[in-house]
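Containing mmCIF, C-alpha atoms: query_24.cif.
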data_run
#
loop_
_atom_site.label_atom_id
_atom_site.label_comp_id
_atom_site.auth_asym_id
_atom_site.auth_seq_id
_atom_site.Cartn_x
_atom_site.Cartn_y
_atom_site.Cartn_z
CA MET A 1 13.36 -12.19 1.47
CA GLU A 2 14.43 -14.32 4.42
CA GLY A 3 11.51 -15.83 6.34
CA LEU A 4 8.84 -15.26 3.73
CA VAL A 5 8.98 -18.87 2.54
CA SER A 6 6.66 -19.66 5.48
CA LEU A 7 3.89 -17.93 3.53
CA GLY A 8 4.09 -20.57 0.79
CA ASP A 9 1.32 -23.14 0.38
CA ARG A 10 -1.02 -21.12 2.61
CA SER A 11 -4.45 -19.81 1.73
CA VAL A 12 -4.32 -16.00 1.63
CA LEU A 13 -7.13 -13.52 1.00
CA VAL A 14 -6.19 -10.13 -0.45
CA THR A 15 -8.85 -7.43 -0.49
CA GLY A 16 -8.20 -4.80 -3.13
CA HIS A 17 -6.29 -7.30 -5.27
CA THR A 18 -7.29 -5.49 -8.48
CA GLY A 19 -5.63 -2.24 -7.39
CA PHE A 20 -2.03 -1.13 -7.81
CA LYS A 21 -0.65 -2.35 -4.48
CA GLY A 22 -2.93 -5.38 -4.43
CA SER A 23 -1.79 -6.53 -7.86
CA TRP A 24 1.88 -6.35 -6.86
CA LEU A 25 1.17 -8.15 -3.58
CA SER A 26 -0.92 -10.88 -5.23
CA THR A 27 1.84 -11.51 -7.78
CA TRP A 28 4.47 -11.72 -5.05
CA LEU A 29 2.37 -14.05 -2.87
CA ALA A 30 1.76 -16.37 -5.81
CA ALA A 31 5.50 -16.41 -6.54
CA LEU A 32 6.02 -17.52 -2.92
CA GLY A 33 3.64 -20.42 -3.49
CA ALA A 34 0.59 -19.08 -1.65
CA ARG A 35 -2.95 -19.82 -2.82
CA VAL A 36 -4.14 -16.27 -3.41
CA HIS A 37 -7.84 -15.39 -3.24
CA GLY A 38 -8.93 -11.90 -4.25
CA TYR A 39 -11.87 -9.75 -3.14
CA ALA A 40 -12.35 -6.36 -4.77
CA LEU A 41 -14.26 -4.22 -7.20
CA ALA A 42 -13.16 -4.06 -10.83
CA PRO A 43 -9.76 -2.44 -11.49
CA PRO A 44 -10.05 1.30 -10.85
CA THR A 45 -8.27 2.54 -13.99
CA ALA A 46 -7.79 1.67 -17.64
CA PRO A 47 -5.12 0.54 -18.27
CA ASN A 48 -4.37 -1.14 -14.96
CA LEU A 49 -1.69 -3.39 -13.50
CA PHE A 50 -4.12 -6.25 -12.76
CA SER A 51 -4.89 -6.69 -16.46
CA VAL A 52 -1.53 -5.67 -17.95
CA ALA A 53 0.44 -8.04 -15.70
CA ASP A 54 -2.14 -10.84 -16.05
CA VAL A 55 -2.59 -11.10 -12.30
CA GLY A 56 -5.87 -12.98 -12.66
CA ASN A 57 -4.04 -16.07 -13.89
CA VAL A 58 -2.14 -16.50 -10.60
CA LEU A 59 -5.26 -16.36 -8.41
CA ALA A 60 -7.00 -19.30 -6.81
CA SER A 61 -10.25 -17.29 -6.87
CA ASP A 62 -11.37 -13.80 -7.87
CA THR A 63 -14.45 -12.33 -6.18
CA ARG A 64 -15.74 -8.99 -7.45
CA ALA A 65 -17.86 -7.39 -4.74
CA ASP A 66 -18.04 -4.35 -2.47
CA LEU A 67 -16.81 -4.18 1.13
CA ALA A 68 -20.31 -2.99 1.99
CA ASP A 69 -21.71 -6.40 0.97
CA ARG A 70 -21.39 -8.36 4.21
CA SER A 71 -22.86 -11.55 2.81
CA ALA A 72 -20.41 -11.54 -0.12
CA LEU A 73 -17.51 -10.93 2.26
CA SER A 74 -18.59 -13.77 4.52
CA ALA A 75 -19.09 -16.12 1.56
CA ALA A 76 -15.64 -15.31 0.11
CA LEU A 77 -13.97 -15.95 3.46
CA HIS A 78 -15.79 -19.23 4.00
CA ARG A 79 -14.93 -20.43 0.47
CA SER A 80 -11.24 -19.58 0.68
CA GLN A 81 -10.68 -20.50 4.37
CA PRO A 82 -7.65 -18.19 4.52
CA GLU A 83 -4.97 -18.36 7.17
CA ILE A 84 -3.85 -14.82 6.31
CA VAL A 85 -5.87 -11.76 5.26
CA PHE A 86 -4.24 -8.67 3.74
CA HIS A 87 -6.75 -5.81 3.70
CA LEU A 88 -5.80 -3.31 0.99
CA ALA A 89 -9.23 -2.40 -0.43
CA ALA A 90 -9.79 1.31 0.19
CA GLN A 91 -10.40 4.72 -1.29
CA PRO A 92 -6.70 5.75 -1.33
CA LEU A 93 -6.60 9.34 -2.64
CA VAL A 94 -6.57 12.61 -0.69
CA LEU A 95 -8.27 14.66 -3.42
CA GLU A 96 -10.99 12.05 -3.92
CA GLY A 97 -11.64 12.34 -0.19
CA TYR A 98 -12.44 16.02 -0.70
CA ARG A 99 -14.68 15.20 -3.66
CA ASP A 100 -16.54 12.37 -1.92
CA PRO A 101 -16.01 12.49 1.84
CA LEU A 102 -18.98 10.28 2.75
CA GLY A 103 -18.03 7.63 0.21
CA THR A 104 -14.44 7.71 1.50
CA LEU A 105 -15.60 7.24 5.09
CA ALA A 106 -17.99 4.46 4.12
CA THR A 107 -15.34 2.51 2.20
CA ASN A 108 -12.41 2.98 4.54
CA VAL A 109 -14.07 2.87 7.96
CA LEU A 110 -17.23 0.81 7.57
CA GLY A 111 -15.64 -1.41 4.92
CA THR A 112 -12.88 -2.37 7.33
CA ALA A 113 -15.39 -2.98 10.12
CA ASN A 114 -17.43 -5.21 7.79
CA LEU A 115 -14.34 -7.26 6.96
CA LEU A 116 -13.29 -7.69 10.60
CA GLU A 117 -16.83 -8.64 11.53
CA ALA A 118 -16.88 -11.27 8.77
CA ILE A 119 -13.51 -12.64 9.89
CA ARG A 120 -14.98 -13.27 13.34
CA GLY A 121 -17.03 -16.09 11.80
CA VAL A 122 -14.06 -17.78 10.07
CA PRO A 123 -11.73 -19.54 12.56
CA SER A 124 -9.17 -20.47 9.88
CA VAL A 125 -7.83 -16.88 9.90
CA GLN A 126 -4.63 -16.64 11.94
CA ALA A 127 -3.19 -13.27 10.81
CA VAL A 128 -4.75 -10.03 9.55
CA VAL A 129 -2.72 -7.12 8.15
CA VAL A 130 -4.79 -3.96 7.61
CA VAL A 131 -3.01 -1.53 5.31
CA ALA A 132 -3.21 2.02 6.60
CA THR A 133 -1.25 5.15 5.59
CA ASP A 134 1.35 7.60 6.83
CA LYS A 135 -1.40 10.23 6.90
CA VAL A 136 -3.10 8.84 10.03
CA TYR A 137 -1.06 11.01 12.40
CA ASP A 138 -1.98 14.34 13.99
CA ASN A 139 0.50 16.25 11.86
CA ARG A 140 1.68 19.51 13.43
CA GLU A 141 4.47 19.79 10.84
CA ASP A 142 7.20 20.27 13.43
CA GLY A 143 9.76 18.35 11.38
CA ARG A 144 9.75 15.26 13.59
CA ALA A 145 9.30 11.82 12.04
CA PHE A 146 6.22 10.07 13.40
CA THR A 147 6.49 6.92 15.49
CA GLU A 148 3.71 4.42 16.10
CA ARG A 149 3.12 5.94 19.55
CA ASP A 150 2.18 9.36 18.18
CA PRO A 151 -1.47 10.48 18.36
CA LEU A 152 -3.79 9.93 15.41
CA GLY A 153 -5.44 12.78 13.56
CA GLY A 154 -6.63 13.81 10.12
CA HIS A 155 -6.89 17.28 8.62
CA ASP A 156 -8.72 16.12 5.48
CA PRO A 157 -11.48 13.53 4.92
CA TYR A 158 -9.16 10.84 3.57
CA SER A 159 -6.68 11.15 6.43
CA ALA A 160 -9.49 11.25 8.97
CA SER A 161 -11.05 8.12 7.45
CA LYS A 162 -7.78 6.19 7.78
CA ALA A 163 -7.18 7.40 11.35
CA ALA A 164 -10.72 6.32 12.22
CA THR A 165 -9.99 2.97 10.58
CA GLU A 166 -7.00 2.54 12.91
CA ILE A 167 -9.29 3.10 15.90
CA ILE A 168 -11.73 0.49 14.56
CA VAL A 169 -8.88 -1.99 14.06
CA ALA A 170 -7.56 -1.43 17.60
CA SER A 171 -11.03 -1.82 19.11
CA TYR A 172 -11.72 -5.07 17.24
CA ARG A 173 -8.30 -6.41 18.14
CA THR A 174 -8.93 -5.77 21.84
CA SER A 175 -12.56 -6.86 21.85
CA PHE A 176 -12.69 -9.92 19.62
CA PHE A 177 -9.31 -11.29 18.51
CA GLY A 178 -6.10 -12.91 19.69
CA ASP A 179 -7.44 -15.30 22.31
CA ALA A 180 -10.07 -18.01 22.82
CA ARG A 181 -12.73 -15.80 21.20
CA HIS A 182 -10.85 -15.93 17.88
CA PRO A 183 -7.19 -16.85 17.28
CA ALA A 184 -6.39 -14.18 14.66
CA ARG A 185 -3.69 -11.63 15.43
CA VAL A 186 -4.59 -8.25 13.87
CA ALA A 187 -2.02 -5.61 12.91
CA SER A 188 -2.01 -2.42 10.85
CA ALA A 189 0.73 -1.13 8.53
CA ARG A 190 1.44 2.53 7.76
CA ALA A 191 3.52 3.18 4.64
CA GLY A 192 4.70 6.25 2.76
CA ASN A 193 3.96 7.53 -0.74
CA VAL A 194 4.51 4.57 -3.04
CA MET A 195 5.50 4.36 -6.68
CA GLY A 196 6.09 1.52 -9.11
CA GLY A 197 5.21 0.10 -12.49
CA GLY A 198 1.55 -0.18 -13.39
CA ASP A 199 0.18 2.78 -11.45
CA TRP A 200 -2.17 4.83 -13.60
CA ALA A 201 -4.12 6.53 -10.79
CA ALA A 202 -5.15 10.16 -11.13
CA ASP A 203 -3.85 12.83 -8.75
CA ARG A 204 -0.70 10.85 -7.89
CA LEU A 205 2.66 12.44 -8.63
CA VAL A 206 4.59 9.76 -10.54
CA PRO A 207 1.66 8.59 -12.74
CA ASP A 208 0.80 12.25 -13.45
CA CYS A 209 4.41 12.88 -14.50
CA LEU A 210 4.62 9.83 -16.75
CA ARG A 211 1.31 10.69 -18.46
CA ALA A 212 2.40 14.26 -19.10
CA PHE A 213 5.89 13.33 -20.32
CA ALA A 214 4.49 10.71 -22.71
CA ALA A 215 2.02 13.26 -24.12
CA GLY A 216 4.68 15.93 -24.51
CA LYS A 217 2.94 18.17 -21.98
CA PRO A 218 4.26 19.88 -18.85
CA VAL A 219 3.52 18.40 -15.42
CA ARG A 220 1.59 20.86 -13.29
CA LEU A 221 2.73 20.55 -9.67
CA ARG A 222 0.17 21.55 -7.03
CA HIS A 223 2.45 21.59 -3.97
CA PRO A 224 6.08 21.42 -5.18
CA GLY A 225 7.50 22.14 -1.72
CA ALA A 226 5.57 19.41 0.08
CA VAL A 227 7.92 16.78 1.59
CA ARG A 228 6.83 13.13 1.65
CA PRO A 229 8.35 9.72 2.49
CA TRP A 230 8.68 8.25 -1.04
CA GLN A 231 9.31 4.55 -1.65
CA HIS A 232 8.95 1.83 -4.26
CA VAL A 233 5.84 -0.25 -3.68
CA LEU A 234 7.92 -3.39 -3.03
CA ASP A 235 9.47 -1.88 0.11
CA PRO A 236 6.23 -1.59 2.12
CA LEU A 237 4.90 -4.83 0.62
CA ALA A 238 7.99 -6.57 1.99
CA GLY A 239 7.06 -5.04 5.32
CA TYR A 240 3.51 -6.38 5.12
CA LEU A 241 4.82 -9.86 4.33
CA ALA A 242 7.32 -9.72 7.19
CA LEU A 243 4.55 -8.56 9.52
CA ALA A 244 2.25 -11.41 8.49
CA THR A 245 5.11 -13.85 9.04
CA GLY A 246 5.61 -12.41 12.51
CA LEU A 247 1.92 -12.69 13.37
CA LEU A 248 2.04 -16.42 12.53
CA ARG A 249 4.87 -17.10 14.97
CA ASP A 250 4.29 -18.72 18.36
CA ASP A 251 4.97 -15.33 19.93
CA GLY A 252 2.99 -13.53 17.22
CA ALA A 253 0.74 -11.69 19.67
CA ARG A 254 3.50 -9.14 20.23
CA PHE A 255 3.32 -8.12 16.57
CA ALA A 256 -0.44 -7.40 16.71
CA THR A 257 -0.11 -3.61 16.81
CA ALA A 258 0.50 -0.74 14.39
CA TRP A 259 3.72 -0.53 12.34
CA ASN A 260 5.46 2.10 10.21
CA PHE A 261 7.16 1.09 6.96
CA GLY A 262 8.82 4.19 5.56
CA PRO A 263 11.98 4.98 3.56
CA ASP A 264 15.38 5.96 4.89
CA ALA A 265 15.41 9.55 6.12
CA GLY A 266 17.60 10.56 3.19
CA ASP A 267 14.88 9.54 0.75
CA ASP A 268 12.31 11.99 2.11
CA ALA A 269 12.05 14.59 -0.66
CA SER A 270 9.82 17.36 -1.91
CA VAL A 271 7.29 16.91 -4.69
CA GLY A 272 9.32 19.25 -6.86
CA GLU A 273 12.53 17.30 -6.26
CA VAL A 274 10.95 13.94 -7.09
CA ALA A 275 9.39 15.34 -10.26
CA ALA A 276 12.71 16.86 -11.29
CA ARG A 277 14.58 13.57 -10.74
CA LEU A 278 12.01 11.69 -12.79
CA ALA A 279 12.18 14.34 -15.53
CA GLY A 280 15.95 13.90 -15.62
CA LEU A 281 15.55 10.16 -16.11
CA TRP A 282 12.93 10.68 -18.83
CA GLY A 283 14.93 13.09 -20.99
CA ALA A 284 15.21 16.64 -22.23
CA ASP A 285 11.57 16.93 -23.38
CA ALA A 286 10.16 16.50 -19.85
CA ARG A 287 8.80 19.79 -18.50
CA LEU A 288 7.56 20.92 -15.07
CA GLU A 289 5.25 23.80 -14.15
CA HIS A 290 3.62 25.02 -10.95
CA GLU A 291 -0.17 25.22 -10.67
CA ALA A 292 -1.50 28.76 -10.34
CA GLU A 293 -4.26 27.40 -8.07
CA PRO A 294 -2.87 24.45 -6.10
CA GLY A 295 -6.22 23.05 -4.99
CA PRO A 296 -7.33 21.89 -1.52
CA PRO A 297 -4.85 22.25 1.35
CA GLU A 298 -2.41 19.46 2.10
CA VAL A 299 0.24 19.17 4.80
CA GLU A 300 3.67 20.36 3.70
CA LEU A 301 5.83 18.03 5.78
CA LEU A 302 5.37 14.33 6.54
CA ARG A 303 8.00 11.84 7.74
CA LEU A 304 7.89 8.33 9.21
CA ASP A 305 10.14 6.71 11.79
CA SER A 306 10.40 2.98 11.01
CA THR A 307 12.91 2.09 13.73
CA ARG A 308 10.57 -0.45 15.30
CA ALA A 309 10.09 -2.40 12.05
CA ARG A 310 13.86 -2.50 11.58
CA THR A 311 14.67 -3.69 15.08
CA GLU A 312 11.75 -6.06 15.77
CA LEU A 313 10.82 -7.38 12.31
CA GLY A 314 14.22 -7.20 10.66
CA TRP A 315 12.71 -5.18 7.83
CA GLU A 316 14.47 -2.34 6.06
CA PRO A 317 13.94 -0.51 2.77
CA ARG A 318 16.05 -1.93 -0.05
CA TRP A 319 15.58 0.53 -2.93
CA SER A 320 16.63 4.17 -2.67
CA LEU A 321 14.48 6.94 -4.12
CA ASP A 322 16.59 7.03 -7.28
CA ALA A 323 16.35 3.25 -7.65
CA ALA A 324 12.59 3.39 -7.10
CA LEU A 325 12.18 6.02 -9.81
CA GLY A 326 14.46 4.12 -12.17
CA GLN A 327 12.62 0.83 -11.66
CA THR A 328 9.25 2.53 -12.13
CA LEU A 329 10.34 4.12 -15.40
CA ALA A 330 11.91 0.84 -16.58
CA TRP A 331 8.60 -0.96 -16.01
CA HIS A 332 6.61 1.60 -18.01
CA ARG A 333 9.11 1.62 -20.86
CA ALA A 334 8.92 -2.18 -21.02
CA TRP A 335 5.13 -1.88 -21.22
CA ASP A 336 5.49 0.69 -24.02
CA ARG A 337 7.67 -1.83 -25.90
CA GLY A 338 5.00 -4.50 -25.59
CA GLU A 339 6.98 -6.86 -23.36
CA ASN A 340 5.38 -9.64 -21.31
CA MET A 341 4.52 -7.60 -18.23
CA HIS A 342 3.69 -10.53 -16.00
CA ALA A 343 7.22 -11.82 -16.54
CA PHE A 344 8.70 -8.33 -16.17
CA THR A 345 6.81 -7.75 -12.92
CA ARG A 346 7.93 -11.11 -11.55
CA ALA A 347 11.52 -10.28 -12.55
CA GLN A 348 11.44 -6.97 -10.67
CA ILE A 349 10.14 -8.78 -7.58
CA ALA A 350 12.95 -11.34 -7.89
CA ASN A 351 15.55 -8.58 -8.32
CA TYR A 352 14.22 -6.81 -5.26
CA ASP A 353 14.19 -10.01 -3.22
CA GLU A 354 17.80 -10.71 -4.22
CA GLY A 355 18.90 -7.13 -3.53
CA ALA A 356 19.94 -6.66 -7.15
CA VAL A 357 19.16 -2.91 -7.23
CA SER A 358 20.10 -0.39 -4.57
#

Will you turn the file into structure tokens for me?
Amino acid sequence: MEGLVSLGDRSVLVTGHTGFKGSWLSTWLAALGARVHGYALAPPTAPNLFSVADVGNVLASDTRADLADRSALSAALHRSQPEIVFHLAAQPLVLEGYRDPLGTLATNVLGTANLLEAIRGVPSVQAVVVVATDKVYDNREDGRAFTERDPLGGHDPYSASKAATEIIVASYRTSFFGDARHPARVASARAGNVMGGGDWAADRLVPDCLRAFAAGKPVRLRHPGAVRPWQHVLDPLAGYLALATGLLRDDGARFATAWNFGPDAGDDASVGEVAARLAGLWGADARLEHEAEPGPPEVELLRLDSTRARTELGWEPRWSLDAALGQTLAWHRAWDRGENMHAFTRAQIANYDEGAVS
């Protein structure tokens, strides 16, 4: 992608590098020539993308520690002396937020505060991108796509934790960063519901579908009518990279705010529609069912307006919903065949960067 070459040969710290998004981002950064340092707990699932795609071999360092460990955070930052920090480490699941609300708040809110506090003592950091979520908004479900100016909210513990994280980020940005106190420009990035190869998380639609289809079992849909902004993981990651590039510019202070990175409006779709499209790609033995008891409440309608990222960052989504589903299934079928998944992952990144799939 144009402009991202400026991230090459820089020291970059990625928190959450062992997770799904973090593994894709670390692989992409290494392909750009960055020296990638990771800070995270062990991979959250087995199997996992970090191991399957051999992400560890592209890292300059790999620290396994908790965001709650301030001394470990500080030590990792001082060792790596990063110019850029991508903060992806989080508890990312709505249902897990219901199961463990205090743990979700501790990880997402206090963990982010611990990282920002540690960055204050490391003057090498020039740009910080904190990865948020589309669920930070006060969603009244009126059909309107949210812009970055809309009020924050959170009707469940996970969403509330991420909205609170945004407030922490804004307060640290105003109080401690972007001037003589510390040069770092701090931004946050709000993306939609992502998919892609190597995601084995529980309670996530596409991984749940692939597991069920492979086992010859029906997928049980909790909220088939719920509409979400679906996108391949590489689309928001391209946004994060473009945002970091902007923060490093001479006029980078103007990018130190919150940003939406969502799909084209035509790629907003219901859970049932996405599952049906994926079932069609899988084959005739894929089956869908509705849950008799759908579980905790979730909002039915969520859309993002990414006009600002398009006009000010030059970012736009490259892969349609159908392309995203096709590329996700292609990755998992390659894994089933025993292919070299580091090479396959790198090839998908290269195809995306070249606009080879639409």

Hey, can you check how far CA of Asp199 (chain A) sits from CA of Ala187 (chain A)?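 Computing it gives 25.9 Å between the two atoms.
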
Find the residues with any atom within 12 Å of (0.4, 9.5, 10.1); use all atoms listed in the file and the coordinates as given in the file, and write the answer as a PDB file with C-alpha atoms, in the frame of the given file.
ATOM      1  CA  ALA A 132      -3.210   2.020   6.600  1.00  0.00           C
ATOM      2  CA  THR A 133      -1.250   5.150   5.590  1.00  0.00           C
ATOM      3  CA  ASP A 134       1.350   7.600   6.830  1.00  0.00           C
ATOM      4  CA  LYS A 135      -1.400  10.230   6.900  1.00  0.00           C
ATOM      5  CA  VAL A 136      -3.100   8.840  10.030  1.00  0.00           C
ATOM      6  CA  TYR A 137      -1.060  11.010  12.400  1.00  0.00           C
ATOM      7  CA  ASP A 138      -1.980  14.340  13.990  1.00  0.00           C
ATOM      8  CA  ASN A 139       0.500  16.250  11.860  1.00  0.00           C
ATOM      9  CA  ARG A 140       1.680  19.510  13.430  1.00  0.00           C
ATOM     10  CA  GLU A 141       4.470  19.790  10.840  1.00  0.00           C
ATOM     11  CA  ARG A 144       9.750  15.260  13.590  1.00  0.00           C
ATOM     12  CA  ALA A 145       9.300  11.820  12.040  1.00  0.00           C
ATOM     13  CA  PHE A 146       6.220  10.070  13.400  1.00  0.00           C
ATOM     14  CA  THR A 147       6.490   6.920  15.490  1.00  0.00           C
ATOM     15  CA  GLU A 148       3.710   4.420  16.100  1.00  0.00           C
ATOM     16  CA  ARG A 149       3.120   5.940  19.550  1.00  0.00           C
ATOM     17  CA  ASP A 150       2.180   9.360  18.180  1.00  0.00           C
ATOM     18  CA  PRO A 151      -1.470  10.480  18.360  1.00  0.00           C
ATOM     19  CA  LEU A 152      -3.790   9.930  15.410  1.00  0.00           C
ATOM     20  CA  GLY A 153      -5.440  12.780  13.560  1.00  0.00           C
ATOM     21  CA  GLY A 154      -6.630  13.810  10.120  1.00  0.00           C
ATOM     22  CA  HIS A 155      -6.890  17.280   8.620  1.00  0.00           C
ATOM     23  CA  TYR A 158      -9.160  10.840   3.570  1.00  0.00           C
ATOM     24  CA  SER A 159      -6.680  11.150   6.430  1.00  0.00           C
ATOM     25  CA  ALA A 160      -9.490  11.250   8.970  1.00  0.00           C
ATOM     26  CA  SER A 161     -11.050   8.120   7.450  1.00  0.00           C
ATOM     27  CA  LYS A 162      -7.780   6.190   7.780  1.00  0.00           C
ATOM     28  CA  ALA A 163      -7.180   7.400  11.350  1.00  0.00           C
ATOM     29  CA  ALA A 164     -10.720   6.320  12.220  1.00  0.00           C
ATOM     30  CA  GLU A 166      -7.000   2.540  12.910  1.00  0.00           C
ATOM     31  CA  ALA A 189       0.730  -1.130   8.530  1.00  0.00           C
ATOM     32  CA  ARG A 190       1.440   2.530   7.760  1.00  0.00           C
ATOM     33  CA  ALA A 191       3.520   3.180   4.640  1.00  0.00           C
ATOM     34  CA  GLY A 192       4.700   6.250   2.760  1.00  0.00           C
ATOM     35  CA  ASN A 193       3.960   7.530  -0.740  1.00  0.00           C
ATOM     36  CA  ARG A 228       6.830  13.130   1.650  1.00  0.00           C
ATOM     37  CA  PRO A 229       8.350   9.720   2.490  1.00  0.00           C
ATOM     38  CA  ALA A 258       0.500  -0.740  14.390  1.00  0.00           C
ATOM     39  CA  TRP A 259       3.720  -0.530  12.340  1.00  0.00           C
ATOM     40  CA  ASN A 260       5.460   2.100  10.210  1.00  0.00           C
ATOM     41  CA  PHE A 261       7.160   1.090   6.960  1.00  0.00           C
ATOM     42  CA  GLY A 262       8.820   4.190   5.560  1.00  0.00           C
ATOM     43  CA  VAL A 299       0.240  19.170   4.800  1.00  0.00           C
ATOM     44  CA  LEU A 301       5.830  18.030   5.780  1.00  0.00           C
ATOM     45  CA  LEU A 302       5.370  14.330   6.540  1.00  0.00           C
ATOM     46  CA  ARG A 303       8.000  11.840   7.740  1.00  0.00           C
ATOM     47  CA  LEU A 304       7.890   8.330   9.210  1.00  0.00           C
ATOM     48  CA  ASP A 305      10.140   6.710  11.790  1.00  0.00           C
ATOM     49  CA  SER A 306      10.400   2.980  11.010  1.00  0.00           C
TER      50      SER A 306
END

Please report the interatomic distance between CA of Asp62 (chain A) and CA of Arg346 (chain A) in Å with one decimal.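 For CA of Asp62 (chain A) relative to CA of Arg346 (chain A), the distance reads 19.8 Å.
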
On this structure, which residues satisfy the PyMOL selection byres ((chain A and resi 94) around 8), written as number ranges by chain? A: 92-93, 95-98, 156-159

So, with all atoms listed in the file as the atoms that count, which of A:Asp142, A:Gln81, A:Ser6, A:Leu88 lies closest to Ala118 (chain A)? A:Gln81

Nearest residue to Glu291 (chain A) from the set A:Ala212, A:Ile167, A:Val219, A:Leu7 (distances using all atoms listed in the file):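 Checking each of A:Ala212, A:Ile167, A:Val219, A:Leu7 against Glu291 (chain A), counting all atoms listed in the file, the winner is A:Val219.
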
Using all atoms listed in the file, the shortest atom-to-atom distance to Arg10 (chain A) among A:Ala68, A:Ala265, A:Val274, A:Leu248 belongs to A:Leu248

Taking the file as shown, what set of residues would the PyMOL selection byres ((chain A and resi 32) around 9) give back, as a PyMOL selection string? chain A and resi 4-9+27-31+33-34

Nearest residue to Gly239 (chain A) from the set A:Val169, A:Leu110, A:Val131, A:Ala90 (distances using only C-alpha atoms): A:Val131

Answer key for the PyMOL selection byres ((chain A and resi 115) around 9), residues as a PyMOL selection string: chain A and resi 67-68+70+73-74+87+110-114+116-120

Can you tell me, as a list in words, what residues are no more than 12 Å from Trp282 (chain A) when counting only C-alpha atoms, ignoring any on the same chain fewer than 5 positions away?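 Those residues are Val206, Cys209, Leu210, Arg211, Ala212, Phe213, Ala214, Gly216, Ala275, Ala276, Arg277, Arg287, Leu325, Gly326, Thr328, Leu329, Ala330, His332 and Arg333 of chain A.
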
Quick one: everything within 9 Å of Val129 (chain A), counting all atoms listed in the file, minus sequence neighbours fewer than 2 positions away in the same chain. Send it as a list in words. Ile84, Val85, Phe86, His87, Leu88, Ala127, Val131, Arg185, Val186, Ala187, Ser188, Ala189, Tyr240, Leu241, Leu243, Ala244, Leu247 and Ala256 of chain A

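Distances here use only C-alpha atoms; by that measure, the residue among A:Thr245, A:Thr45, A:Asn340, A:Ser171 closest to Pro207 (chain A) is A:Thr45.
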
Can you list, as a count of residues only, every protein, DNA or RNA residue that comes within 10 Å of Ala226 (chain A) when you count only C-alpha atoms, leaving out same-chain residues fewer than 6 positions away? 10

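Picture a line from CA of Ala201 (chain A) to CA of Ala72 (chain A); it runs 26.6 Å.
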
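Between Met195 (chain A) and the residues A:Ala89, A:Val130, A:Leu234, A:Val58, the shortest atom-to-atom distance, using only C-alpha atoms, involves A:Leu234.
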